[in-house]
Structure formats: C-alpha cells, structure tokens
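> Here you go, run.tsv (TSV, C-alpha atoms):
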chain	number	residue	atom	x	y	z
P	690	MET	CA	-1.77	12.88	-15.01
P	691	PHE	CA	-1.98	9.10	-14.63
P	692	THR	CA	-5.01	6.89	-15.22
P	693	LEU	CA	-5.50	3.25	-14.19
P	694	ASN	CA	-8.04	0.83	-15.66
P	695	CYS	CA	-9.72	-0.79	-12.66
P	696	LYS	CA	-11.91	-3.45	-14.30
P	697	GLY	CA	-13.35	-0.96	-16.79
P	698	ARG	CA	-13.44	2.00	-14.41
P	699	LEU	CA	-10.81	4.67	-15.00
P	700	LEU	CA	-9.09	5.88	-11.85
P	701	ALA	CA	-7.72	9.34	-12.67
P	702	PHE	CA	-4.89	10.99	-10.75
P	703	ASP	CA	-5.77	14.64	-11.26
P	704	ARG	CA	-4.54	15.07	-7.67
P	705	PRO	CA	-2.86	12.62	-5.26
P	706	LEU	CA	-5.20	9.90	-4.03
P	707	ILE	CA	-5.69	8.43	-0.58
P	708	MET	CA	-5.66	4.66	-0.02
P	709	GLY	CA	-7.24	3.72	3.32
P	710	ILE	CA	-5.88	0.67	5.15
P	711	ILE	CA	-8.37	-1.89	6.49
P	712	ASN	CA	-6.77	-4.96	8.05
P	713	THR	CA	-8.88	-8.02	8.84
P	714	THR	CA	-6.11	-9.32	11.07
P	715	PRO	CA	-5.70	-9.75	14.83
P	716	ASP	CA	-2.01	-8.85	14.85
P	717	SER	CA	-1.27	-5.83	12.61
P	718	PHE	CA	1.41	-3.58	14.11
P	719	TYR	CA	-1.08	-0.72	14.65
P	720	GLN	CA	-3.95	-1.85	16.84
P	721	GLY	CA	-6.32	0.79	15.44
P	722	SER	CA	-6.24	-0.83	11.99
P	723	ARG	CA	-7.42	-4.28	13.17
P	724	HIS	CA	-10.99	-5.20	12.22
P	725	ALA	CA	-12.39	-8.61	13.08
P	726	GLU	CA	-16.08	-8.23	12.20
P	727	THR	CA	-17.69	-7.31	8.87
P	728	ASP	CA	-19.93	-4.68	10.47
P	729	GLU	CA	-16.86	-3.00	11.91
P	730	VAL	CA	-15.16	-3.12	8.50
P	731	LEU	CA	-18.21	-1.46	6.89
P	732	ARG	CA	-18.26	1.31	9.50
P	733	THR	CA	-14.58	1.98	8.93
P	734	ALA	CA	-15.01	1.88	5.14
P	735	GLU	CA	-17.87	4.37	5.32
P	736	GLN	CA	-15.85	6.76	7.47
P	737	MET	CA	-12.82	6.51	5.19
P	738	ILE	CA	-14.90	7.15	2.08
P	739	LYS	CA	-16.56	10.18	3.70
P	740	SER	CA	-13.12	11.45	4.69
P	741	GLY	CA	-11.84	11.28	1.12
P	742	ALA	CA	-10.43	7.82	0.41
P	743	ALA	CA	-10.43	6.89	-3.28
P	744	ILE	CA	-9.14	3.35	-2.63
P	745	LEU	CA	-9.62	0.92	0.24
P	746	ASP	CA	-6.80	-1.59	0.72
P	747	ILE	CA	-8.03	-4.81	2.34
P	748	GLY	CA	-5.49	-7.15	3.91
P	749	GLY	CA	-5.87	-10.39	5.83
P	750	GLN	CA	-2.23	-11.12	6.51
P	751	SER	CA	-0.06	-9.12	8.90
P	752	THR	CA	3.26	-8.19	7.28
P	753	ARG	CA	4.82	-6.64	10.37
P	754	PRO	CA	8.38	-7.83	11.13
P	755	GLY	CA	8.34	-11.41	12.39
P	756	SER	CA	4.72	-12.06	11.40
P	757	ARG	CA	3.40	-15.56	10.62
P	758	TRP	CA	2.86	-16.46	6.97
P	759	LEU	CA	-0.78	-17.50	6.41
P	760	GLY	CA	-1.89	-19.93	3.76
P	761	ALA	CA	-4.19	-18.74	0.98
P	762	GLU	CA	-7.33	-20.40	2.35
P	763	GLU	CA	-6.97	-18.86	5.80
P	764	GLU	CA	-6.31	-15.47	4.24
P	765	LEU	CA	-9.38	-15.83	2.02
P	766	SER	CA	-11.56	-16.56	5.03
P	767	ARG	CA	-10.49	-13.21	6.47
P	768	VAL	CA	-10.72	-10.94	3.42
P	769	LEU	CA	-13.54	-12.21	1.19
P	770	PRO	CA	-16.46	-11.33	3.51
P	771	SER	CA	-15.13	-7.78	3.84
P	772	ILE	CA	-14.53	-7.29	0.11
P	773	GLU	CA	-17.97	-8.64	-0.76
P	774	ALA	CA	-19.66	-6.47	1.86
P	775	ILE	CA	-17.82	-3.28	0.88
P	776	SER	CA	-18.44	-3.92	-2.82
P	777	ARG	CA	-22.18	-4.30	-2.19
P	778	ARG	CA	-22.53	-1.33	0.15
P	779	PHE	CA	-20.15	1.06	-1.63
P	780	PRO	CA	-20.03	0.03	-5.31
P	781	GLU	CA	-18.36	3.30	-6.30
P	782	ILE	CA	-15.19	2.70	-4.24
P	783	VAL	CA	-12.07	1.10	-5.70
P	784	ILE	CA	-10.95	-1.89	-3.60
P	785	SER	CA	-7.37	-3.12	-3.46
P	786	ILE	CA	-6.44	-6.58	-2.18
P	787	ASP	CA	-3.21	-6.68	-0.20
P	788	THR	CA	-1.87	-10.18	-0.84
P	789	PHE	CA	1.04	-12.17	-2.25
P	790	HIS	CA	-1.09	-15.27	-2.96
P	791	ALA	CA	-2.30	-15.78	-6.55
P	792	LEU	CA	-5.44	-17.58	-5.38
P	793	VAL	CA	-6.35	-14.77	-2.99
P	794	ALA	CA	-5.78	-12.20	-5.73
P	795	ARG	CA	-8.05	-14.05	-8.14
P	796	ARG	CA	-10.85	-14.69	-5.67
P	797	ALA	CA	-10.68	-11.14	-4.31
P	798	VAL	CA	-10.96	-9.61	-7.79
P	799	GLU	CA	-13.91	-11.90	-8.52
P	800	ALA	CA	-15.50	-10.64	-5.28
P	801	GLY	CA	-15.09	-6.94	-6.12
P	802	ALA	CA	-11.46	-5.87	-5.77
P	803	SER	CA	-9.84	-4.21	-8.77
P	804	ILE	CA	-6.19	-3.62	-7.71
P	805	VAL	CA	-3.64	-6.14	-6.45
P	806	ASN	CA	-1.17	-4.81	-3.88
P	807	ASP	CA	1.71	-7.28	-3.49
P	808	ILE	CA	4.54	-6.71	-0.99
P	809	SER	CA	6.62	-9.49	-2.54
P	810	ALA	CA	6.92	-8.35	-6.17
P	811	GLY	CA	5.81	-11.84	-7.16
P	812	SER	CA	8.55	-13.61	-5.21
P	813	MET	CA	6.37	-15.48	-2.70
P	814	ASP	CA	3.97	-17.10	-5.19
P	815	GLU	CA	5.30	-17.68	-8.69
P	816	ALA	CA	1.75	-17.71	-10.09
P	817	LEU	CA	0.89	-14.23	-8.82
P	818	ILE	CA	2.23	-12.14	-11.75
P	819	LYS	CA	0.62	-14.42	-14.35
P	820	THR	CA	-2.66	-14.21	-12.44
P	821	VAL	CA	-2.58	-10.40	-12.35
P	822	ALA	CA	-1.90	-10.34	-16.10
P	823	GLU	CA	-4.89	-12.62	-16.70
P	824	LEU	CA	-7.11	-10.50	-14.47
P	825	GLN	CA	-5.98	-7.29	-16.23
P	826	VAL	CA	-6.07	-5.20	-13.07
P	827	PRO	CA	-3.53	-2.65	-11.79
P	828	TYR	CA	-0.65	-3.99	-9.73
P	829	VAL	CA	1.26	-2.35	-6.89
P	830	LEU	CA	4.91	-3.34	-7.28
P	831	MET	CA	6.81	-3.03	-4.00
P	832	HIS	CA	10.41	-3.57	-2.99
P	833	MET	CA	11.17	-5.75	0.02
P	834	GLN	CA	14.50	-7.19	1.13
P	835	GLY	CA	13.84	-10.66	2.57
P	836	THR	CA	10.42	-11.72	3.85
P	837	PRO	CA	8.25	-10.34	6.65
P	838	GLY	CA	9.67	-13.02	8.92
P	839	ASP	CA	13.29	-11.92	8.52
P	840	MET	CA	13.30	-8.57	6.72
P	841	GLN	CA	14.38	-6.52	9.74
P	842	GLN	CA	17.28	-8.77	10.72
P	843	ALA	CA	20.12	-6.36	9.85
P	844	PRO	CA	19.09	-5.28	6.31
P	845	GLN	CA	22.08	-4.03	4.31
P	846	TYR	CA	22.57	-2.04	1.10
P	847	GLY	CA	25.49	-0.46	-0.69
P	848	ASN	CA	23.22	2.38	-1.81
P	849	VAL	CA	19.58	1.83	-0.87
P	850	VAL	CA	18.17	4.33	-3.38
P	851	THR	CA	20.09	2.89	-6.34
P	852	GLU	CA	19.40	-0.72	-5.39
P	853	VAL	CA	15.67	-0.20	-4.86
P	854	PHE	CA	15.41	1.80	-8.11
P	855	ASP	CA	17.26	-0.87	-10.10
P	856	PHE	CA	15.08	-3.63	-8.63
P	857	LEU	CA	11.85	-1.81	-9.50
P	858	ALA	CA	13.07	-0.96	-13.01
P	859	GLN	CA	13.94	-4.60	-13.69
P	860	LYS	CA	10.62	-5.85	-12.33
P	861	ILE	CA	8.69	-3.34	-14.45
P	862	VAL	CA	10.25	-4.88	-17.56
P	863	GLU	CA	9.26	-8.36	-16.34
P	864	LEU	CA	5.70	-7.21	-15.61
P	865	ARG	CA	5.31	-5.61	-19.04
P	866	GLU	CA	6.57	-8.78	-20.71
P	867	ALA	CA	4.09	-10.82	-18.66
P	868	GLY	CA	1.20	-8.61	-19.77
P	869	VAL	CA	0.71	-6.39	-16.72
P	870	HIS	CA	0.18	-2.86	-18.04
P	871	ASP	CA	-1.08	-0.69	-15.16
P	872	ILE	CA	1.61	-0.53	-12.49
P	873	LEU	CA	2.03	1.54	-9.34
P	874	ILE	CA	5.46	1.55	-7.69
P	875	ASP	CA	6.21	1.47	-3.98
P	876	PRO	CA	9.78	1.67	-2.61
P	877	GLY	CA	8.64	-0.34	0.42
P	878	PHE	CA	9.28	1.87	3.43
P	879	GLY	CA	9.97	-0.37	6.42
P	880	PHE	CA	10.23	-3.60	4.44
P	881	GLY	CA	13.82	-4.72	4.88
P	882	LYS	CA	15.12	-1.23	5.64
P	883	THR	CA	16.56	0.47	8.68
P	884	ILE	CA	15.32	3.86	9.83
P	885	ASP	CA	18.26	5.47	8.03
P	886	HIS	CA	17.41	3.57	4.83
P	887	ASN	CA	13.83	4.81	5.02
P	888	PHE	CA	14.87	8.43	5.41
P	889	GLN	CA	17.35	8.08	2.54
P	890	LEU	CA	14.55	6.76	0.32
P	891	LEU	CA	12.24	9.58	1.37
P	892	ARG	CA	14.92	12.18	0.75
P	893	LYS	CA	15.36	10.93	-2.83
P	894	LEU	CA	11.75	9.94	-3.50
P	895	GLU	CA	11.57	12.12	-6.60
P	896	VAL	CA	13.90	9.60	-8.28
P	897	PHE	CA	11.10	7.03	-8.13
P	898	ALA	CA	8.46	9.54	-9.20
P	899	SER	CA	10.51	10.02	-12.38
P	900	MET	CA	9.85	6.41	-13.45
P	901	GLY	CA	6.66	7.53	-15.20
P	902	MET	CA	4.00	5.68	-13.21
P	903	PRO	CA	2.04	6.43	-10.04
P	904	LEU	CA	4.22	6.37	-6.92
P	905	LEU	CA	2.70	4.99	-3.71
P	906	ALA	CA	4.09	6.03	-0.33
P	907	GLY	CA	3.30	3.80	2.65
P	908	LEU	CA	4.69	5.60	5.69
P	909	SER	CA	1.66	5.58	7.95
P	910	ARG	CA	2.46	5.14	11.67
P	911	LYS	CA	5.55	3.03	10.91
P	912	SER	CA	8.46	2.49	13.28
P	913	THR	CA	10.60	4.99	11.36
P	914	ILE	CA	8.27	7.60	12.82
P	915	TYR	CA	7.53	6.35	16.30
P	916	LYS	CA	11.02	5.06	17.10
P	917	THR	CA	12.60	8.29	15.88
P	918	LEU	CA	10.23	10.30	18.09
P	919	GLY	CA	10.31	7.92	21.05
P	920	ILE	CA	6.55	7.35	20.99
P	921	THR	CA	4.15	4.54	20.02
P	922	ALA	CA	2.36	3.74	16.77
P	923	GLU	CA	-0.85	4.98	18.41
P	924	GLU	CA	0.78	8.40	18.89
P	925	ALA	CA	2.31	8.66	15.41
P	926	VAL	CA	-0.40	10.43	13.41
P	927	ASN	CA	1.33	13.82	13.53
P	928	GLY	CA	4.65	12.33	12.47
P	929	THR	CA	2.86	10.51	9.66
P	930	THR	CA	1.41	13.80	8.46
P	931	VAL	CA	4.88	15.37	8.34
P	932	LEU	CA	6.38	12.55	6.28
P	933	ASN	CA	3.31	12.31	4.03
P	934	THR	CA	3.68	16.01	3.25
P	935	ILE	CA	7.32	15.47	2.27
P	936	ALA	CA	6.32	12.49	0.13
P	937	LEU	CA	3.70	14.57	-1.70
P	938	GLN	CA	6.23	17.31	-2.36
P	939	LYS	CA	8.52	14.71	-3.90
P	940	GLY	CA	5.92	13.27	-6.25
P	941	ALA	CA	3.86	10.68	-4.40
P	942	ALA	CA	0.59	10.01	-6.24
P	943	VAL	CA	-0.95	7.72	-3.59
P	944	LEU	CA	-0.73	7.90	0.19
P	945	ARG	CA	-1.47	4.56	1.85
P	946	VAL	CA	-2.69	5.49	5.33
P	947	HIS	CA	-4.57	4.52	8.46
P	948	ASP	CA	-5.82	8.11	8.93
P	949	VAL	CA	-7.64	9.25	5.79
P	950	LYS	CA	-8.87	12.64	7.02
P	951	GLU	CA	-5.38	13.82	7.98
P	952	ALA	CA	-3.86	12.59	4.72
P	953	ARG	CA	-6.57	14.27	2.67
P	954	GLU	CA	-5.86	17.52	4.49
P	955	CYS	CA	-2.19	17.19	3.47
P	956	VAL	CA	-3.23	16.89	-0.17
P	957	LEU	CA	-5.64	19.84	-0.07
P	958	LEU	CA	-3.34	22.21	1.82
P	959	LEU	CA	-0.33	21.41	-0.33
P	960	GLU	CA	-2.44	21.83	-3.45
P	961	ARG	CA	-3.52	25.30	-2.25
P	962	TYR	CA	0.09	26.18	-1.38
P	963	ASN	CA	1.33	25.10	-4.84
P	964	HIS	CA	-1.28	27.29	-6.58
P	965	ALA	CA	-0.87	30.39	-4.40
For this file, produce the structure as structure tokens.

Amino acid sequence: MFTLNCKGRLLAFDRPLIMGIINTTPDSFYQGSRHAETDEVLRTAEQMIKSGAAILDIGGQSTRPGSRWLGAEEELSRVLPSIEAISRRFPEIVISIDTFHALVARRAVEAGASIVNDISAGSMDEALIKTVAELQVPYVLMHMQGTPGDMQQAPQYGNVVTEVFDFLAQKIVELREAGVHDILIDPGFGFGKTIDHNFQLLRKLEVFASMGMPLLAGLSRKSTIYKTLGITAEEAVNGTTVLNTIALQKGAAVLRVHDVKEARECVLLLERYNHA
C-alpha cells in the first residue's frame, strides 16, 4: 500500500483512488469537462466528491493536440478562484494542480492544492522541479514526446514501452536528487503516442506498476477510445470504463477521469471480483 504526504495529510492507497478532472478552460477536448464559472466548478466538485473522488485535478490550460500555450499569469487567473473556492467549501478533499508552470504550482499550493500534476516532466519550465521540492508536495511525473502543440505529428518509437519506462526511471532519479520524495508515475496515454502506442502501453502497464510508486492512468474519453470505436468523446464513457478496468487489473493506483461514478464502480466491482 502506498501513502503520499499531501501537506501533512496522508493519502493512503488501500484501494485505487479516483482523480476527478475539472478544467477551467474553454477549449478542452471533451466539452463536458469545461467549467468557466466558479459556481459551476463547485457544483461539479460536490458531485465528484459524492461519487467517490479522492482527488480533484484542476487545470487551466488545455493540453489537447495543437492547443495554445498559456502564460503563467493567464493560467493563474483561471485556476486560483476555483482552487480557493473548493478548498474553502470542501477542506477534506485533496486538490491537484495540473500545470507545467513553477509560478502556477507555487501559487496553487498556497491557495489549497497539495499535488502538482505536470505533463512536461519539468521540461517546459526549468524552475518547476525545484519549486515542487521546496513545496514538499507529491508530484505526478508524466511522459510526453514533444509538446502539446506538436506531440501528435507522427510520434515515433523503437519500443514505446521500453522508451517510456527508461525515461520515467531516469527522471525519478533526477527528482530524488532534487528533493522530491512523493512521486506518482503516468505513462502519458495520448501525449505523443499513436493509438497503437497507447494500446501497447496499456497491454504492458504492469511494467510501470512494478516501479514501486503509485501508477496513474489517464485514459478518460481520449481519442484512442473514440477513434477506435468510430464515435465522439461525448460517447466514450463506456469505452473508458473498459480501458480503466484493464488498467486496474494491471496495477493502476489512480484513475484520472471525467466520470467519477463510473470509475468508482470499476474499482468496487473489481475489488469484489478479486476477493470472491
């Protein structure tokens, strides 16, 4: 069982946890995750918590393929009101800030967040890793080939599983040396990978679970699902449930999702199945 120190609060993984996605963006790939007003964010947060979310992941910057890179100040204007409001209304919930800006990470943690979720592994702001070490909060380390602007322009690997594993292993050493101690790992489904790459990673996901730290799977409503099935992101909840179930069977400790209730049901049913 894993534990993470979230600003003095221990987050225990006695079963897989659900991370609910709340985007304060106008252009996230899934329209249902876009929240422009604080009242709307609070309603969504309340519903996610009631449905079983242990973590709420707040993001102000779309990272869909081809998205525009926001500066830190613009991103802060989007995320800080939501983090402050959620922290006041629901002080028991763990809040994650989805950012690659060091300034956003610092200000968000000061406002109530206690996990930093960085798609860039520290590559888009050289101050980010040092900042996380100073803040002493858990860090989600994710693999991405390229940047959101170009990551889906013909991504290539010799062996995607080996290359992603080696990248994460090397970055873990760097994080430890920098003073970051609580790390979650994320192979980065959809971030610089083709559909085939994503399925290869999912098929071998237990390799990443063997690294000895919580494994986060972010498959929710992504194009790997809806393009494979010939549907839209809005229709992809059932496909998400199927892939989340596979991820849990292969060792995922966190499911990052738009649909908390369905993900929680995956956890509970698989738990009952495993103990039958």
> Just the number, please: distance in Å from CA of Met831 (chain P) to CA of Leu905 (chain P), one decimal.
9.0 Å
> Choose the residue, out of P:Pro780, P:Gly907, P:Gly709, P:Pro844, that has the smallest atom-to-atom separation from Lys882 (chain P); count all atoms listed in the file.
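Of P:Pro780, P:Gly907, P:Gly709, P:Pro844, the one nearest Lys882 (chain P), counting all atoms listed in the file, is P:Pro844.
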> Given only C-alpha atoms as the basis, pick out the residue of P:Phe897, P:Phe789, P:Tyr828, P:Phe888 nearest to Glu852 (chain P).
P:Phe897
> For the point (-3.6, -16.1, 0.5) in file coordinates, what residues are within 12 Å, counting all atoms listed in the file? Give the answer as a PyMOL selection string?
chain P and resi 748-751+758-769+786-797+807+813-814+816-817
> Please report the interatomic distance between CA of Gly801 (chain P) and CA of Asp871 (chain P) in Å with one decimal.
17.8 Å
> Please provide the set of residues having any atom within 9 Å of Ile744 (chain P), restricted to all atoms listed in the file, with same-chain residues fewer than 5 positions apart removed, written as a compact mmCIF listing (two decimals) with C-alpha atoms, keeping the file's coordinate frame.

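Now in part-v2.txt:
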# COMPACT_ATOMS: atom_id res chain seq x y z
CA LEU P 706 -5.20 9.90 -4.03
CA ILE P 707 -5.69 8.43 -0.58
CA MET P 708 -5.66 4.66 -0.02
CA GLY P 709 -7.24 3.72 3.32
CA ILE P 710 -5.88 0.67 5.15
CA ILE P 738 -14.90 7.15 2.08
CA ILE P 782 -15.19 2.70 -4.24
CA VAL P 783 -12.07 1.10 -5.70
CA ILE P 784 -10.95 -1.89 -3.60
CA SER P 785 -7.37 -3.12 -3.46
CA ARG P 945 -1.47 4.56 1.85
> Using all atoms listed in the file, tabulate the residues of region 806-896 of chain P lying at most 9 Å from any atom of region 917-935 of chain P, each with its closest atom pair and that distance in Å to one decimal, by chain and increasing residue number, as JSON lines.

{"residue": "P:Ile884", "atom": "CA", "partner": "P:Thr917", "partner_atom": "CA", "distance": 8.0}
{"residue": "P:Leu891", "atom": "CA", "partner": "P:Ile935", "partner_atom": "CA", "distance": 7.7}
{"residue": "P:Arg892", "atom": "CA", "partner": "P:Ile935", "partner_atom": "CA", "distance": 8.4}
> Could you check how far CA of Lys696 (chain P) sits from CA of Glu799 (chain P), in Å to one decimal?
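Atom-to-atom, CA of Lys696 (chain P) to CA of Glu799 (chain P), that is 10.4 Å.
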> With all atoms listed in the file as the atoms that count, which of P:Ile874, P:Ala742, P:Met833, P:Ala802 lies nearest to Glu954 (chain P)?
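Of the candidates, the smallest distance to Glu954 (chain P) is held by P:Ala742.
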> Can you find the residues with an atom no farther than 6 Å from (-6.3, 10.4, -11.3), counting only C-alpha atoms, and report them as a count of residues only?
6
> Using all atoms listed in the file, find the one residue out of P:Asp746, P:Glu866, P:Gly847, P:Glu960 that sits nearest to Gln938 (chain P).
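The shortest atom-to-atom distance to Gln938 (chain P) comes from P:Glu960.
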> Quick one: of P:Ser771, P:Thr883, P:Gly741, P:Gln845, who's nearest to Lys916 (chain P), counting all atoms listed in the file?
P:Thr883
> Considering only C-alpha atoms, state which residue in the set P:Arg778, P:Lys860, P:His870, P:Arg698 is at the smallest distance from Ala822 (chain P).
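For Ala822 (chain P), the nearest of the candidates is P:His870.
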> Can you complete the atoms of region 788-799 of chain P to all heavy atoms and list them as a short mmCIF file (atom, residue, chain, number, x, y, z; two decimals), in the coordinates of the input?

data_model
loop_
_atom_site.label_atom_id
_atom_site.label_comp_id
_atom_site.auth_asym_id
_atom_site.auth_seq_id
_atom_site.Cartn_x
_atom_site.Cartn_y
_atom_site.Cartn_z
N THR P 788 -2.18 -8.75 -0.93
CA THR P 788 -1.87 -10.18 -0.84
C THR P 788 -0.66 -10.51 -1.70
O THR P 788 -0.35 -9.80 -2.66
CB THR P 788 -3.06 -11.05 -1.29
OG1 THR P 788 -2.78 -12.42 -1.00
CG2 THR P 788 -3.34 -10.89 -2.79
N PHE P 789 0.00 -11.63 -1.36
CA PHE P 789 1.04 -12.17 -2.25
C PHE P 789 0.65 -13.55 -2.76
O PHE P 789 1.43 -14.22 -3.41
CB PHE P 789 2.41 -12.21 -1.56
CG PHE P 789 2.42 -12.81 -0.18
CD1 PHE P 789 2.32 -14.17 0.01
CD2 PHE P 789 2.56 -11.98 0.92
CE1 PHE P 789 2.34 -14.72 1.28
CE2 PHE P 789 2.59 -12.53 2.20
CZ PHE P 789 2.48 -13.90 2.38
N HIS P 790 -0.58 -13.98 -2.47
CA HIS P 790 -1.09 -15.27 -2.96
C HIS P 790 -1.89 -15.08 -4.25
O HIS P 790 -2.82 -14.28 -4.30
CB HIS P 790 -2.01 -15.91 -1.92
CG HIS P 790 -1.31 -16.47 -0.73
ND1 HIS P 790 -0.38 -17.47 -0.81
CD2 HIS P 790 -1.43 -16.18 0.60
CE1 HIS P 790 0.05 -17.78 0.40
NE2 HIS P 790 -0.57 -17.01 1.28
N ALA P 791 -1.57 -15.86 -5.28
CA ALA P 791 -2.30 -15.78 -6.55
C ALA P 791 -3.77 -16.14 -6.36
O ALA P 791 -4.66 -15.48 -6.93
CB ALA P 791 -1.65 -16.70 -7.58
N LEU P 792 -4.05 -17.17 -5.59
CA LEU P 792 -5.44 -17.58 -5.38
C LEU P 792 -6.24 -16.49 -4.69
O LEU P 792 -7.39 -16.21 -5.07
CB LEU P 792 -5.49 -18.86 -4.55
CG LEU P 792 -6.88 -19.37 -4.18
CD1 LEU P 792 -7.68 -19.72 -5.44
CD2 LEU P 792 -6.80 -20.59 -3.25
N VAL P 793 -5.65 -15.85 -3.69
CA VAL P 793 -6.35 -14.77 -2.99
C VAL P 793 -6.60 -13.61 -3.94
O VAL P 793 -7.68 -13.02 -3.95
CB VAL P 793 -5.54 -14.31 -1.76
CG1 VAL P 793 -6.21 -13.11 -1.09
CG2 VAL P 793 -5.40 -15.44 -0.76
N ALA P 794 -5.61 -13.28 -4.76
CA ALA P 794 -5.78 -12.20 -5.73
C ALA P 794 -6.95 -12.48 -6.66
O ALA P 794 -7.82 -11.63 -6.90
CB ALA P 794 -4.49 -11.99 -6.52
N ARG P 795 -7.00 -13.70 -7.19
CA ARG P 795 -8.05 -14.05 -8.14
C ARG P 795 -9.44 -14.00 -7.49
O ARG P 795 -10.38 -13.40 -8.02
CB ARG P 795 -7.79 -15.43 -8.74
CG ARG P 795 -8.82 -15.85 -9.79
CD ARG P 795 -8.49 -17.20 -10.39
NE ARG P 795 -7.24 -17.20 -11.11
CZ ARG P 795 -7.09 -16.73 -12.35
NH1 ARG P 795 -8.13 -16.19 -12.99
NH2 ARG P 795 -5.92 -16.78 -12.95
N ARG P 796 -9.56 -14.64 -6.33
CA ARG P 796 -10.85 -14.69 -5.67
C ARG P 796 -11.30 -13.30 -5.19
O ARG P 796 -12.49 -12.97 -5.22
CB ARG P 796 -10.78 -15.66 -4.48
CG ARG P 796 -10.55 -17.12 -4.88
CD ARG P 796 -11.82 -17.79 -5.35
NE ARG P 796 -12.85 -17.76 -4.33
CZ ARG P 796 -12.93 -18.60 -3.31
NH1 ARG P 796 -12.02 -19.56 -3.14
NH2 ARG P 796 -13.92 -18.50 -2.43
N ALA P 797 -10.34 -12.49 -4.76
CA ALA P 797 -10.68 -11.14 -4.31
C ALA P 797 -11.17 -10.27 -5.46
O ALA P 797 -12.13 -9.51 -5.31
CB ALA P 797 -9.46 -10.49 -3.65
N VAL P 798 -10.53 -10.38 -6.62
CA VAL P 798 -10.96 -9.61 -7.79
C VAL P 798 -12.35 -10.10 -8.23
O VAL P 798 -13.21 -9.30 -8.59
CB VAL P 798 -9.92 -9.71 -8.92
CG1 VAL P 798 -10.48 -9.15 -10.23
CG2 VAL P 798 -8.65 -8.97 -8.53
N GLU P 799 -12.59 -11.37 -8.20
CA GLU P 799 -13.91 -11.90 -8.52
C GLU P 799 -14.97 -11.37 -7.55
O GLU P 799 -16.13 -11.17 -7.92
CB GLU P 799 -13.89 -13.43 -8.48
CG GLU P 799 -13.09 -14.06 -9.60
CD GLU P 799 -12.88 -15.56 -9.42
OE1 GLU P 799 -13.25 -16.09 -8.35
OE2 GLU P 799 -12.33 -16.19 -10.35
#
